[in-house]
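Novice: Just model.txt, nothing more (compact mmCIF, C-alpha atoms and all ligand atoms):
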# COMPACT_ATOMS: atom_id res chain seq x y z
CA MET A 1286 -21.40 169.78 -182.77
CA GLY A 1287 -19.09 171.41 -185.31
CA SER A 1288 -17.39 169.00 -187.70
CA ARG A 1289 -13.59 168.86 -187.61
CA GLU A 1290 -11.27 168.68 -190.57
CA ARG A 1291 -9.81 165.18 -190.75
CA ILE A 1292 -6.18 164.85 -189.71
CA LYS A 1293 -4.07 163.54 -192.58
CA LYS A 1294 -2.47 160.11 -192.31
CA GLY A 1295 0.80 159.88 -190.44
CA PHE A 1296 -0.11 161.92 -187.34
CA SER A 1297 1.77 159.50 -185.12
CA LYS A 1298 4.95 160.07 -187.17
CA LEU A 1299 4.99 163.83 -186.50
CA LEU A 1300 7.19 165.40 -183.84
CA LYS A 1301 5.46 166.27 -180.58
CA GLU A 1302 5.68 170.03 -181.32
CA GLU A 1303 4.14 169.44 -184.76
CA LYS A 1304 1.29 167.42 -183.28
CA LEU A 1305 0.65 170.12 -180.71
CA LYS A 1306 0.55 172.86 -183.37
CA LEU A 1307 -1.79 170.84 -185.53
CA ILE A 1308 -4.17 170.15 -182.65
CA ALA A 1309 -4.02 173.78 -181.47
CA ASN A 1310 -5.58 174.81 -184.80
CA TYR A 1311 -8.81 173.18 -183.65
CA PHE A 1312 -9.16 175.93 -181.02
CA GLU A 1313 -10.18 179.55 -181.34
CA ASN A 1314 -6.89 180.80 -180.01
CA PRO A 1315 -4.14 178.34 -181.06
CA GLY A 1316 -1.29 180.35 -179.54
CA GLU A 1317 -2.94 180.42 -176.13
CA VAL A 1318 -3.71 176.69 -176.29
CA ILE A 1319 -0.12 175.84 -177.19
CA SER A 1320 1.15 177.84 -174.19
CA LEU A 1321 -1.43 176.25 -171.90
CA LEU A 1322 -0.69 172.69 -172.96
CA LYS A 1323 3.05 173.32 -172.81
CA SER A 1324 2.75 174.73 -169.31
CA TYR A 1325 1.83 171.19 -168.22
CA TRP A 1326 5.01 169.68 -169.68
CA HIS A 1327 7.53 168.54 -167.12
CA SER A 1328 10.38 171.04 -166.73
CA ASP A 1329 12.90 168.19 -166.82
CA THR A 1330 12.95 166.94 -170.42
CA ARG A 1331 14.15 163.49 -169.38
CA GLN A 1332 11.16 163.06 -167.09
CA GLN A 1333 8.82 164.34 -169.78
CA LYS A 1334 10.22 161.85 -172.29
CA LEU A 1335 9.27 159.07 -169.90
CA PHE A 1336 5.63 160.21 -169.92
CA ASP A 1337 5.65 160.80 -173.67
CA GLU A 1338 6.66 157.21 -174.19
CA PHE A 1339 3.97 155.65 -171.97
CA SER A 1340 1.47 156.15 -174.75
CA GLU A 1341 1.22 157.17 -178.40
CA ASN A 1342 0.56 160.74 -179.59
CA THR A 1343 1.20 162.40 -176.23
CA ILE A 1344 1.01 166.19 -176.48
CA THR A 1345 0.87 167.13 -172.80
CA ASN A 1346 0.14 165.72 -169.31
CA PHE A 1347 -3.22 165.70 -167.55
CA PHE A 1348 -2.84 166.51 -163.86
CA THR A 1349 -4.95 164.80 -161.18
CA PRO A 1350 -4.65 165.45 -157.45
CA TYR A 1351 -2.45 163.09 -155.45
CA GLY A 1352 -3.81 163.02 -151.89
CA ILE A 1353 -3.06 161.15 -148.70
CA SER A 1354 -5.25 159.26 -146.29
CA PRO A 1355 -3.17 158.94 -143.12
CA ASN A 1356 -3.42 156.39 -140.30
CA VAL A 1357 -5.28 153.57 -142.01
CA MET A 1358 -5.00 150.58 -139.70
CA ILE A 1359 -5.11 147.21 -141.45
CA ASN A 1360 -4.43 144.00 -139.52
CA GLY A 1361 -2.83 146.06 -136.76
CA THR A 1362 -0.43 147.96 -139.06
CA ASP A 1363 -0.81 151.68 -139.80
CA TYR A 1364 -0.54 152.72 -143.43
CA VAL A 1365 -0.27 156.16 -145.01
CA VAL A 1366 -2.26 155.65 -148.19
CA PRO A 1367 -1.74 157.64 -151.40
CA MET A 1368 -4.90 158.29 -153.42
CA VAL A 1369 -5.07 159.76 -156.92
CA ILE A 1370 -8.56 161.06 -157.58
CA GLU A 1371 -10.27 164.17 -158.90
CA GLU A 1372 -13.52 163.82 -156.93
CA SER A 1373 -13.42 166.32 -154.07
CA SER A 1374 -14.79 164.25 -151.20
CA VAL A 1375 -13.17 160.84 -151.72
CA VAL A 1376 -9.95 161.30 -149.72
CA ALA A 1377 -11.82 163.09 -146.93
CA ALA A 1378 -14.43 160.30 -146.81
CA ALA A 1379 -11.76 157.58 -146.71
CA SER A 1380 -9.85 159.39 -143.98
CA ALA A 1381 -12.96 159.92 -141.87
CA ALA A 1382 -13.79 156.20 -142.06
CA ALA A 1383 -10.17 155.28 -141.30
CA LYS A 1384 -10.29 157.44 -138.18
CA PHE A 1385 -13.65 155.99 -137.10
CA TRP A 1386 -12.56 152.36 -137.54
CA GLY A 1387 -9.06 153.04 -136.22
CA GLU A 1388 -10.75 153.67 -132.87
CA ARG A 1389 -12.64 150.37 -133.18
CA GLY A 1390 -9.88 147.87 -133.93
CA GLY A 1391 -9.10 148.99 -137.47
CA PHE A 1392 -9.70 147.08 -140.71
CA HIS A 1393 -9.12 143.36 -141.05
CA ALA A 1394 -8.15 141.83 -144.36
CA GLU A 1395 -7.09 138.60 -146.02
CA VAL A 1396 -6.36 137.32 -149.51
CA PRO A 1397 -7.91 133.86 -149.89
CA ASP A 1398 -6.43 133.18 -153.34
CA THR A 1399 -4.36 134.80 -156.11
CA ARG A 1400 -5.01 132.62 -159.17
CA LYS A 1401 -5.30 134.33 -162.55
CA VAL A 1402 -6.66 132.94 -165.77
CA GLY A 1403 -5.70 133.05 -169.43
CA GLN A 1404 -7.32 131.48 -172.47
CA VAL A 1405 -6.35 130.00 -175.82
CA HIS A 1406 -9.43 130.09 -178.03
CA PHE A 1407 -9.10 127.68 -180.91
CA GLY A 1408 -10.98 125.84 -183.60
CA TRP A 1409 -10.59 122.10 -184.25
CA LYS A 1410 -12.76 119.69 -186.20
CA GLY A 1411 -12.45 116.66 -183.89
CA THR A 1412 -14.58 115.61 -180.93
CA MET A 1413 -13.99 116.37 -177.25
CA ASN A 1414 -13.21 112.67 -176.66
CA GLN A 1415 -10.49 112.73 -179.30
CA LEU A 1416 -9.11 115.94 -177.84
CA GLN A 1417 -9.06 114.52 -174.33
CA GLU A 1418 -7.06 111.54 -175.57
CA LEU A 1419 -4.41 113.82 -177.05
CA PHE A 1420 -4.49 116.22 -174.12
CA PRO A 1421 -1.83 114.67 -171.81
CA ARG A 1422 0.76 114.83 -174.61
CA LEU A 1423 -0.38 118.27 -175.72
CA LYS A 1424 -0.08 119.56 -172.15
CA GLU A 1425 3.45 118.18 -171.84
CA ARG A 1426 4.40 119.95 -175.07
CA LEU A 1427 2.88 123.25 -173.96
CA LEU A 1428 4.78 123.16 -170.67
CA ALA A 1429 8.05 122.18 -172.33
CA ASP A 1430 7.78 124.92 -174.97
CA THR A 1431 7.24 127.61 -172.33
CA ASP A 1432 9.82 126.27 -169.89
CA ASP A 1433 12.23 129.15 -170.55
CA PHE A 1434 9.54 131.84 -170.22
CA THR A 1435 8.29 130.48 -166.91
CA ALA A 1436 11.65 129.69 -165.29
CA ASN A 1437 11.98 133.01 -163.42
CA MET A 1438 8.38 133.03 -162.29
CA ARG A 1439 8.74 129.45 -161.04
CA LYS A 1440 11.81 130.48 -159.06
CA ARG A 1441 9.65 133.12 -157.37
CA GLY A 1442 7.02 130.50 -156.50
CA GLY A 1443 4.64 131.12 -159.40
CA GLY A 1444 4.07 129.92 -162.95
CA ILE A 1445 1.46 127.79 -164.66
CA LEU A 1446 -0.83 126.09 -162.13
CA ASP A 1447 -3.24 124.20 -164.33
CA ILE A 1448 -4.38 123.75 -167.92
CA GLN A 1449 -7.93 122.62 -168.64
CA LEU A 1450 -9.87 121.87 -171.80
CA ARG A 1451 -13.25 123.47 -172.40
CA ASP A 1452 -15.70 122.26 -175.01
CA TYR A 1453 -17.91 125.01 -176.47
CA THR A 1454 -18.79 123.18 -179.68
CA ALA A 1455 -22.47 123.10 -178.72
CA GLN A 1456 -22.54 126.91 -178.84
CA ILE A 1457 -20.01 127.60 -181.64
CA PRO A 1458 -19.09 124.79 -184.09
CA ASP A 1459 -15.56 123.41 -183.59
CA TYR A 1460 -14.75 125.94 -180.84
CA TYR A 1461 -12.59 124.72 -177.95
CA GLN A 1462 -10.65 126.52 -175.31
CA LEU A 1463 -7.59 125.98 -173.17
CA ARG A 1464 -8.24 127.57 -169.81
CA VAL A 1465 -4.94 128.17 -168.07
CA GLU A 1466 -4.45 129.14 -164.44
CA PHE A 1467 -1.43 131.16 -163.36
CA GLU A 1468 0.27 132.40 -160.22
CA THR A 1469 2.15 135.61 -160.98
CA CYS A 1470 3.45 136.45 -157.45
CA ASP A 1471 4.03 140.19 -157.01
CA SER A 1472 3.50 141.13 -160.63
CA MET A 1473 0.10 141.85 -162.14
CA GLY A 1474 1.20 139.32 -164.70
CA ALA A 1475 -0.49 140.51 -167.89
CA ASN A 1476 2.70 140.39 -169.96
CA PHE A 1477 3.81 137.08 -168.49
CA ILE A 1478 0.42 135.46 -169.06
CA ASN A 1479 0.02 136.79 -172.59
CA THR A 1480 3.55 135.73 -173.60
CA VAL A 1481 2.92 132.20 -172.33
CA LEU A 1482 -0.47 132.04 -174.03
CA GLU A 1483 0.84 133.19 -177.39
CA GLN A 1484 3.48 130.47 -177.24
CA PHE A 1485 0.73 127.99 -176.29
CA GLY A 1486 -1.08 129.05 -179.46
CA HIS A 1487 1.97 128.36 -181.66
CA SER A 1488 2.74 125.08 -179.88
CA LEU A 1489 -0.83 123.84 -180.08
CA HIS A 1490 -0.91 124.56 -183.82
CA ALA A 1491 2.42 122.76 -184.35
CA PHE A 1492 1.40 119.82 -182.13
CA PHE A 1493 -1.66 119.01 -184.22
CA ALA A 1494 0.20 119.52 -187.51
CA GLU A 1495 2.69 116.87 -186.36
CA GLN A 1496 0.05 114.20 -185.52
CA ALA A 1497 0.63 111.96 -188.54
CA GLN A 1498 -1.81 109.32 -187.17
CA LEU A 1499 -4.71 111.79 -187.49
CA PRO A 1500 -6.68 112.28 -190.71
CA GLU A 1501 -5.64 115.46 -192.57
CA PRO A 1502 -8.56 117.71 -191.44
CA LEU A 1503 -7.74 116.97 -187.78
CA ARG A 1504 -4.16 118.09 -188.22
CA ALA A 1505 -5.38 121.64 -188.78
CA THR A 1506 -6.25 124.07 -185.97
CA GLU A 1507 -7.36 127.66 -186.04
CA ILE A 1508 -5.86 129.75 -183.24
CA ILE A 1509 -8.64 132.32 -182.91
CA MET A 1510 -6.97 134.34 -180.13
CA THR A 1511 -4.94 134.02 -176.95
CA ILE A 1512 -5.41 136.46 -174.07
CA LEU A 1513 -5.57 136.66 -170.29
CA SER A 1514 -8.98 136.99 -168.70
CA ASN A 1515 -9.71 140.03 -166.56
CA ASN A 1516 -12.26 137.92 -164.74
CA THR A 1517 -10.27 137.09 -161.61
CA PRO A 1518 -12.73 135.66 -159.06
CA ASP A 1519 -9.94 133.50 -157.64
CA CYS A 1520 -7.59 136.43 -157.21
CA ARG A 1521 -9.57 138.22 -154.58
CA VAL A 1522 -9.42 140.04 -151.28
CA ARG A 1523 -11.73 140.19 -148.27
CA VAL A 1524 -11.76 143.17 -145.91
CA TRP A 1525 -14.03 143.81 -142.96
CA VAL A 1526 -14.67 145.93 -139.90
CA GLU A 1527 -16.69 145.00 -136.86
CA CYS A 1528 -17.74 146.37 -133.50
CA PRO A 1529 -20.51 145.97 -130.91
CA VAL A 1530 -23.56 147.92 -132.15
CA GLU A 1531 -23.31 150.22 -129.10
CA GLN A 1532 -20.12 151.62 -130.63
CA LEU A 1533 -22.21 153.06 -133.47
CA GLU A 1534 -23.91 155.32 -130.92
CA GLY A 1535 -23.72 158.98 -131.89
CA ILE A 1536 -23.58 158.54 -135.66
CA ASP A 1537 -27.24 159.52 -135.81
CA GLU A 1538 -28.34 161.79 -133.00
CA HIS A 1539 -31.88 160.38 -133.11
CA LEU A 1540 -30.97 156.68 -133.10
CA SER A 1541 -29.29 154.32 -130.66
CA GLY A 1542 -26.27 152.36 -131.90
CA ALA A 1543 -28.42 149.25 -132.38
CA GLU A 1544 -31.10 151.18 -134.28
CA TYR A 1545 -28.50 152.83 -136.48
CA ALA A 1546 -26.86 149.45 -137.24
CA LEU A 1547 -30.23 148.25 -138.54
CA LYS A 1548 -30.67 151.34 -140.69
CA PHE A 1549 -27.17 151.01 -142.13
CA LYS A 1550 -27.79 147.32 -142.86
CA LYS A 1551 -31.04 148.20 -144.62
CA ALA A 1552 -29.19 150.67 -146.86
CA VAL A 1553 -26.64 148.00 -147.83
CA ASP A 1554 -29.36 145.34 -148.25
CA ILE A 1555 -31.13 147.61 -150.74
CA ALA A 1556 -27.99 147.47 -152.90
CA HIS A 1557 -28.33 143.67 -152.86
CA ILE A 1558 -31.83 143.67 -154.30
CA ASP A 1559 -31.97 146.80 -156.48
CA ILE A 1560 -29.62 147.14 -159.46
CA ASP A 1561 -29.96 150.92 -159.72
CA ARG A 1562 -28.79 151.34 -156.16
CA ALA A 1563 -26.17 148.55 -156.46
CA THR A 1564 -24.43 150.37 -159.32
CA THR A 1565 -24.08 153.59 -157.31
CA HIS A 1566 -23.18 151.73 -154.12
CA ASN A 1567 -20.38 149.86 -155.92
CA LYS A 1568 -19.26 153.06 -157.66
CA GLY A 1569 -18.66 154.47 -154.18
CA ILE A 1570 -16.52 151.41 -153.37
CA TYR A 1571 -14.43 151.94 -156.52
CA ASN A 1572 -13.94 155.61 -155.61
CA GLY A 1573 -11.59 154.34 -152.92
CA ILE A 1574 -10.14 151.32 -154.72
CA ASP A 1575 -9.37 153.10 -158.01
CA ALA A 1576 -7.63 155.97 -156.24
CA VAL A 1577 -5.08 153.56 -154.74
CA VAL A 1578 -4.85 151.47 -157.90
CA ILE A 1579 -4.02 154.57 -159.95
CA ALA A 1580 -1.59 155.97 -157.35
CA THR A 1581 0.40 152.73 -157.50
CA GLY A 1582 0.48 152.56 -161.31
CA ASN A 1583 -1.93 149.63 -161.59
CA ASP A 1584 -4.67 148.99 -164.15
CA PHE A 1585 -7.94 150.33 -162.75
CA ARG A 1586 -9.95 149.24 -165.80
CA ALA A 1587 -8.95 145.62 -165.16
CA VAL A 1588 -9.80 145.94 -161.46
CA GLU A 1589 -13.21 147.51 -162.17
CA ALA A 1590 -14.11 145.05 -164.93
CA ALA A 1591 -13.37 142.12 -162.60
CA GLY A 1592 -15.33 143.72 -159.78
CA HIS A 1593 -18.46 144.35 -161.78
CA THR A 1594 -18.39 140.79 -163.13
CA TYR A 1595 -17.99 139.51 -159.58
CA ALA A 1596 -20.92 141.67 -158.48
CA SER A 1597 -23.06 139.70 -160.99
CA ARG A 1598 -21.89 136.25 -159.93
CA HIS A 1599 -25.28 135.25 -158.49
CA GLY A 1600 -27.04 136.00 -161.77
CA ARG A 1601 -27.94 139.60 -160.94
CA TYR A 1602 -25.73 142.65 -160.38
CA GLU A 1603 -25.59 143.40 -156.66
CA SER A 1604 -23.65 145.07 -153.86
CA LEU A 1605 -20.06 143.98 -153.34
CA SER A 1606 -20.30 144.76 -149.63
CA THR A 1607 -22.47 143.11 -146.99
CA VAL A 1608 -23.61 143.85 -143.45
CA THR A 1609 -24.38 141.13 -140.92
CA LEU A 1610 -25.71 141.66 -137.40
CA HIS A 1611 -25.20 138.79 -134.97
CA ASP A 1612 -25.31 138.81 -131.17
CA GLY A 1613 -25.06 142.59 -131.06
CA LEU A 1614 -22.04 142.67 -133.38
CA PHE A 1615 -22.03 144.88 -136.47
CA HIS A 1616 -19.93 143.30 -139.25
CA PHE A 1617 -19.37 145.17 -142.53
CA GLU A 1618 -17.46 143.33 -145.23
CA LEU A 1619 -16.26 143.73 -148.79
CA GLU A 1620 -15.04 140.92 -151.01
CA VAL A 1621 -13.62 141.84 -154.40
CA PRO A 1622 -11.42 140.33 -157.08
CA MET A 1623 -8.34 142.38 -157.81
CA ALA A 1624 -5.29 141.75 -159.98
CA LEU A 1625 -2.55 144.07 -158.77
CA GLY A 1626 1.20 144.16 -159.07
CA THR A 1627 3.96 145.78 -157.05
CA VAL A 1628 6.76 144.89 -159.44
CA GLY A 1629 7.03 145.37 -163.20
CA GLY A 1630 4.84 147.38 -165.53
CA LEU A 1631 4.04 151.01 -164.74
CA THR A 1632 4.60 150.34 -161.02
CA SER A 1633 8.34 150.45 -161.64
CA LEU A 1634 8.34 153.08 -164.41
CA HIS A 1635 6.12 155.87 -163.15
CA PRO A 1636 8.18 157.91 -160.64
CA LEU A 1637 5.14 158.65 -158.47
CA ALA A 1638 3.88 155.07 -158.57
CA LYS A 1639 7.25 154.00 -157.22
CA LYS A 1640 7.01 156.61 -154.46
CA SER A 1641 3.47 155.47 -153.62
CA LEU A 1642 4.71 151.95 -153.08
CA GLU A 1643 7.58 153.22 -150.97
CA LEU A 1644 5.13 155.24 -148.86
CA LEU A 1645 3.15 152.04 -148.33
CA GLY A 1646 6.31 150.28 -147.15
CA ASN A 1647 6.93 148.47 -150.47
CA PRO A 1648 4.03 146.04 -150.01
CA THR A 1649 3.66 142.66 -151.68
CA ALA A 1650 0.87 142.38 -154.25
CA LYS A 1651 -1.28 140.68 -151.59
CA GLU A 1652 -0.73 143.55 -149.15
CA LEU A 1653 -1.55 146.09 -151.82
CA MET A 1654 -4.78 144.22 -152.59
CA MET A 1655 -5.69 144.51 -148.90
CA ILE A 1656 -4.86 148.23 -148.81
CA ALA A 1657 -6.85 149.06 -151.96
CA ALA A 1658 -9.85 147.00 -150.84
CA THR A 1659 -9.71 148.70 -147.43
CA MET A 1660 -10.01 152.10 -149.06
CA GLY A 1661 -12.99 150.73 -150.99
CA LEU A 1662 -14.71 149.63 -147.80
CA ALA A 1663 -13.74 152.89 -146.08
CA ASN A 1664 -15.32 154.98 -148.83
CA ASN A 1665 -18.36 152.74 -148.89
CA PHE A 1666 -18.78 153.14 -145.13
CA SER A 1667 -18.52 156.93 -145.29
CA ALA A 1668 -20.90 157.18 -148.25
CA VAL A 1669 -23.58 155.00 -146.64
CA ARG A 1670 -23.11 156.77 -143.30
CA SER A 1671 -23.67 160.17 -144.96
CA LEU A 1672 -26.57 158.93 -147.04
CA THR A 1673 -28.35 157.47 -144.00
CA THR A 1674 -27.77 160.56 -141.82
CA LYS A 1675 -27.30 164.09 -143.10
CA GLY A 1676 -27.23 163.24 -146.81
CA ILE A 1677 -24.33 163.31 -149.21
CA GLN A 1678 -24.60 166.86 -150.46
CA ALA A 1679 -23.59 168.62 -147.25
CA GLY A 1680 -20.07 167.14 -147.20
CA HIS A 1681 -19.81 166.85 -150.97
CA MET A 1682 -20.68 170.47 -151.66
CA LYS A 1683 -18.45 171.72 -148.83
CA MET A 1684 -15.56 170.01 -150.59
CA HIS A 1685 -16.82 171.23 -153.95
CA LEU A 1686 -16.97 174.84 -152.69
CA ASN A 1687 -13.33 175.34 -153.67
CA ASN A 1688 -14.00 174.12 -157.21
CA ILE A 1689 -16.89 176.59 -157.55
CA LEU A 1690 -14.79 179.41 -156.12
CA ASN A 1691 -12.02 178.60 -158.58
CA GLN A 1692 -14.47 178.53 -161.47
CA LEU A 1693 -15.67 181.98 -160.39
CA LYS A 1694 -12.04 183.17 -160.13
CA ALA A 1695 -12.30 184.05 -156.43
CA THR A 1696 -9.23 185.62 -154.81
CA ASP A 1697 -7.64 184.02 -151.72
CA ASN A 1698 -9.33 186.61 -149.55
CA GLU A 1699 -12.75 185.95 -151.14
CA LYS A 1700 -12.20 182.22 -150.67
CA ARG A 1701 -11.48 182.66 -146.97
CA GLN A 1702 -14.62 184.73 -146.50
CA ALA A 1703 -16.73 182.30 -148.55
CA HIS A 1704 -15.57 179.29 -146.51
CA ASP A 1705 -16.54 181.13 -143.37
CA TYR A 1706 -19.90 182.22 -144.77
CA PHE A 1707 -20.84 178.73 -146.04
CA LYS A 1708 -19.90 176.96 -142.80
CA ASP A 1709 -23.57 176.62 -141.84
CA ARG A 1710 -25.20 177.31 -145.21
CA THR A 1711 -26.10 175.14 -148.17
CA VAL A 1712 -23.55 175.33 -150.97
CA SER A 1713 -24.73 175.61 -154.56
CA TYR A 1714 -23.20 177.24 -157.62
CA ALA A 1715 -25.92 179.91 -157.63
CA ALA A 1716 -25.52 180.64 -153.90
CA VAL A 1717 -21.74 180.99 -154.19
CA GLU A 1718 -22.07 183.22 -157.27
CA LYS A 1719 -24.57 185.43 -155.46
CA TYR A 1720 -22.34 185.65 -152.39
CA LEU A 1721 -19.28 186.61 -154.45
CA ASP A 1722 -21.32 189.26 -156.28
CA SER A 1723 -22.33 190.74 -152.96
CA LEU A 1724 -18.68 190.77 -151.82
CA ARG A 1725 -17.50 192.34 -155.03
CA LYS A 1726 -20.14 195.10 -154.90
C1 LIG B 1 -20.25 159.41 -155.21
O1 LIG B 1 -19.06 159.47 -155.96
C2 LIG B 1 -20.41 158.03 -154.60
C3 LIG B 1 -21.73 157.81 -153.87
O2 LIG B 1 -22.81 158.08 -154.73
C4 LIG B 1 -21.73 156.36 -153.43
C5 LIG B 1 -23.03 155.89 -152.83
O3 LIG B 1 -24.11 156.43 -153.17
O4 LIG B 1 -22.98 154.93 -152.05
C6 LIG B 1 -21.85 158.73 -152.70
Go through the file and emit its structure as structure tokens.
Ligand code: MEV
Specialist:
Amino acid sequence: MGSRERIKKGFSKLLKEEKLKLIANYFENPGEVISLLKSYWHSDTRQQKLFDEFSENTITNFFTPYGISPNVMINGTDYVVPMVIEESSVVAAASAAAKFWGERGGFHAEVPDTRKVGQVHFGWKGTMNQLQELFPRLKERLLADTDDFTANMRKRGGGILDIQLRDYTAQIPDYYQLRVEFETCDSMGANFINTVLEQFGHSLHAFFAEQAQLPEPLRATEIIMTILSNNTPDCRVRVWVECPVEQLEGIDEHLSGAEYALKFKKAVDIAHIDIDRATTHNKGIYNGIDAVVIATGNDFRAVEAAGHTYASRHGRYESLSTVTLHDGLFHFELEVPMALGTVGGLTSLHPLAKKSLELLGNPTAKELMMIAATMGLANNFSAVRSLTTKGIQAGHMKMHLNNILNQLKATDNEKRQAHDYFKDRTVSYAAVEKYLDSLRK
């Protein structure tokens, strides 16, 4: 790897054009790079400014396809679901599963709980018993000091639900924690939670300083940090599909519906006992979930982090989805934590995120959780169905054919011919290259 000249201090202070020029010098042909990166700027400067201000040091935009999975039936309602994803087969896989399950009663979903958690990590030299004695008064103070911040959220039916003390002094000397539970209604709530927690930190510090009855060392606290937790096991969604096993007839031409149900279950069970498979299996679930989370301007890193923690809740990382077979009924279910918002944050700033929500009928956060989880289960179903029948590559490479053709700079006419030619043939980069060579000769 070639070493790069260090950029002098103050890069963030430069104008966008200056940053772009500076970065272009890292390429062989700076002029060409500047034109290329500029060609991805929005033609409306006001719109572009909006994107520039989402993040620091923006020099251009990075496009990702925005696709649609139509006719996704959830709890009897049809949704047209926007999906932002670069992987060729994800939207097609989701749509195929939506069609399949749409003919079998659709997807069913529920949100059992929407509690989120935040933490104040602090140091104090007293014992847990002493802390517990002070706790009722401390709690009152914390609530009073954040009364103004929480007023609006309380009006909407949310706010602070609970504050608990945690004693970790056995693991780290003098380390205690306030574990706070929140309801943030239709907002993801990160800003609300962090604002409340930071005030809790100040109030806790002041509260102890004011306890004249305590010996001097116990009037001091160290606020180590205050932050929400992305572990949201109590803000979770359950989605499932079910049908008599006979209705799986035809998926595999060599197996009856009942036999195929058993094979499908085995494939999902493997992801419960084998970590290597579980990771890939769950990745397939997040193909669908992330695409909706991104399309609606939500935080996919938070959603994934929570999901992978949840997948380890029994002490070992395992599948997030489960198959049960009872009395001839095939039941396929996914349960995942998910902190999503439909108001505030990027959801109301990004013009396409707003349109995504509108396309979904301006859902509540709970509804959006159900929609995103559904696309996770849909993708999971399609992936496992392909894997247990014709294999993943057939569909995957068919979708990828366009990418290969584009890489090889195929004309529209060549593309048409190639799609026809590869209808019943195995797609690979080498095979497509060879075919194009033969056409071009
Ligand atoms: C590819 O993006 C996702 C899959 O690997 C998921 C799976 O194996 O279940 C197909």
Novice: Output the neighbourhood of ligand LIG 1 (chain B) as an MDAnalysis selection string, that is, all protein and nucleic acid residues with some atom at most 7 Å from the ligand, counting all atoms listed in the file.
Specialist: chainID A and resid 1565:1569 1572 1665 1668:1669 1677
Novice: Once you add 6 Å to each side, what are the centre and edge lengths of the axis-aligned box holding all listed atoms of range 1671-1682 of chain A? One decimal in Å, as JSON, if you can.
Specialist:
{"center_x": -24.1, "center_y": 164.0, "center_z": -146.7, "size_x": 20.5, "size_y": 25.0, "size_z": 21.8}
Novice: For a quick check of understanding, using only C-alpha atoms, which of A:Thr1564, A:Asn1688, A:Asn1664, A:Ser1472 has the smallest distance to Val1628 in chain A?
Specialist: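 Checking each candidate against Val1628 in chain A, we get A:Ser1472 as the closest.
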Novice: Please list as a list in words every residue within 10 Å of Ala1505 in chain A, counting all atoms listed in the file and excluding residues in the same chain fewer than 3 positions away.
Specialist: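 Counting all atoms listed in the file, the residues come to Gly1408, Trp1409, Lys1410, Gly1411, His1490, Ala1491, Phe1492, Phe1493, Ala1494, Glu1495, Gln1496, Leu1499, Pro1500, Glu1501, Pro1502 and Ile1508 of chain A.
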Novice: Write a file of the selected residues as a PDB file, in the frame of the given file, keeping C-alpha atoms.
Specialist:
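See part_20.pdb below for the written result:
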ATOM      1  CA  GLY A1408     -10.980 125.840-183.600  1.00  0.00           C
ATOM      2  CA  TRP A1409     -10.590 122.100-184.250  1.00  0.00           C
ATOM      3  CA  LYS A1410     -12.760 119.690-186.200  1.00  0.00           C
ATOM      4  CA  GLY A1411     -12.450 116.660-183.890  1.00  0.00           C
ATOM      5  CA  HIS A1490      -0.910 124.560-183.820  1.00  0.00           C
ATOM      6  CA  ALA A1491       2.420 122.760-184.350  1.00  0.00           C
ATOM      7  CA  PHE A1492       1.400 119.820-182.130  1.00  0.00           C
ATOM      8  CA  PHE A1493      -1.660 119.010-184.220  1.00  0.00           C
ATOM      9  CA  ALA A1494       0.200 119.520-187.510  1.00  0.00           C
ATOM     10  CA  GLU A1495       2.690 116.870-186.360  1.00  0.00           C
ATOM     11  CA  GLN A1496       0.050 114.200-185.520  1.00  0.00           C
ATOM     12  CA  LEU A1499      -4.710 111.790-187.490  1.00  0.00           C
ATOM     13  CA  PRO A1500      -6.680 112.280-190.710  1.00  0.00           C
ATOM     14  CA  GLU A1501      -5.640 115.460-192.570  1.00  0.00           C
ATOM     15  CA  PRO A1502      -8.560 117.710-191.440  1.00  0.00           C
ATOM     16  CA  ILE A1508      -5.860 129.750-183.240  1.00  0.00           C
TER      17      ILE A1508
END
Novice: Suppose you want the space between CA of Asp1722 in chain A and CA of His1681 in chain A; what is it in Å?
Specialist: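 Taking CA of Asp1722 in chain A and CA of His1681 in chain A, their separation equals 23.1 Å.
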Novice: Counting all atoms listed in the file, find the residues whose atoms lie at most 10 Å from (-4.1, 147.8, -165.8) (file coordinates) and write them out as a CSV table (one decimal) with C-alpha atoms, in the frame of the given file.
Specialist:
chain,number,residue,atom,x,y,z
A,1473,MET,CA,0.1,141.8,-162.1
A,1475,ALA,CA,-0.5,140.5,-167.9
A,1515,ASN,CA,-9.7,140.0,-166.6
A,1578,VAL,CA,-4.8,151.5,-157.9
A,1579,ILE,CA,-4.0,154.6,-160.0
A,1582,GLY,CA,0.5,152.6,-161.3
A,1583,ASN,CA,-1.9,149.6,-161.6
A,1584,ASP,CA,-4.7,149.0,-164.2
A,1585,PHE,CA,-7.9,150.3,-162.8
A,1586,ARG,CA,-10.0,149.2,-165.8
A,1587,ALA,CA,-9.0,145.6,-165.2
A,1588,VAL,CA,-9.8,145.9,-161.5
A,1589,GLU,CA,-13.2,147.5,-162.2
A,1624,ALA,CA,-5.3,141.8,-160.0
A,1625,LEU,CA,-2.6,144.1,-158.8
A,1626,GLY,CA,1.2,144.2,-159.1
A,1630,GLY,CA,4.8,147.4,-165.5
A,1631,LEU,CA,4.0,151.0,-164.7
Novice: Thr1511 in chain A: which residues within 9 Å, counting all atoms listed in the file, same-chain residues fewer than 4 positions away excluded, as a list in words?
Specialist: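 Once the nearby chain positions are removed, what remains is Gly1403, Gln1404, Val1405, His1406, Phe1407, Asn1479, Leu1482, Glu1483, Phe1485 and Gly1486 of chain A.
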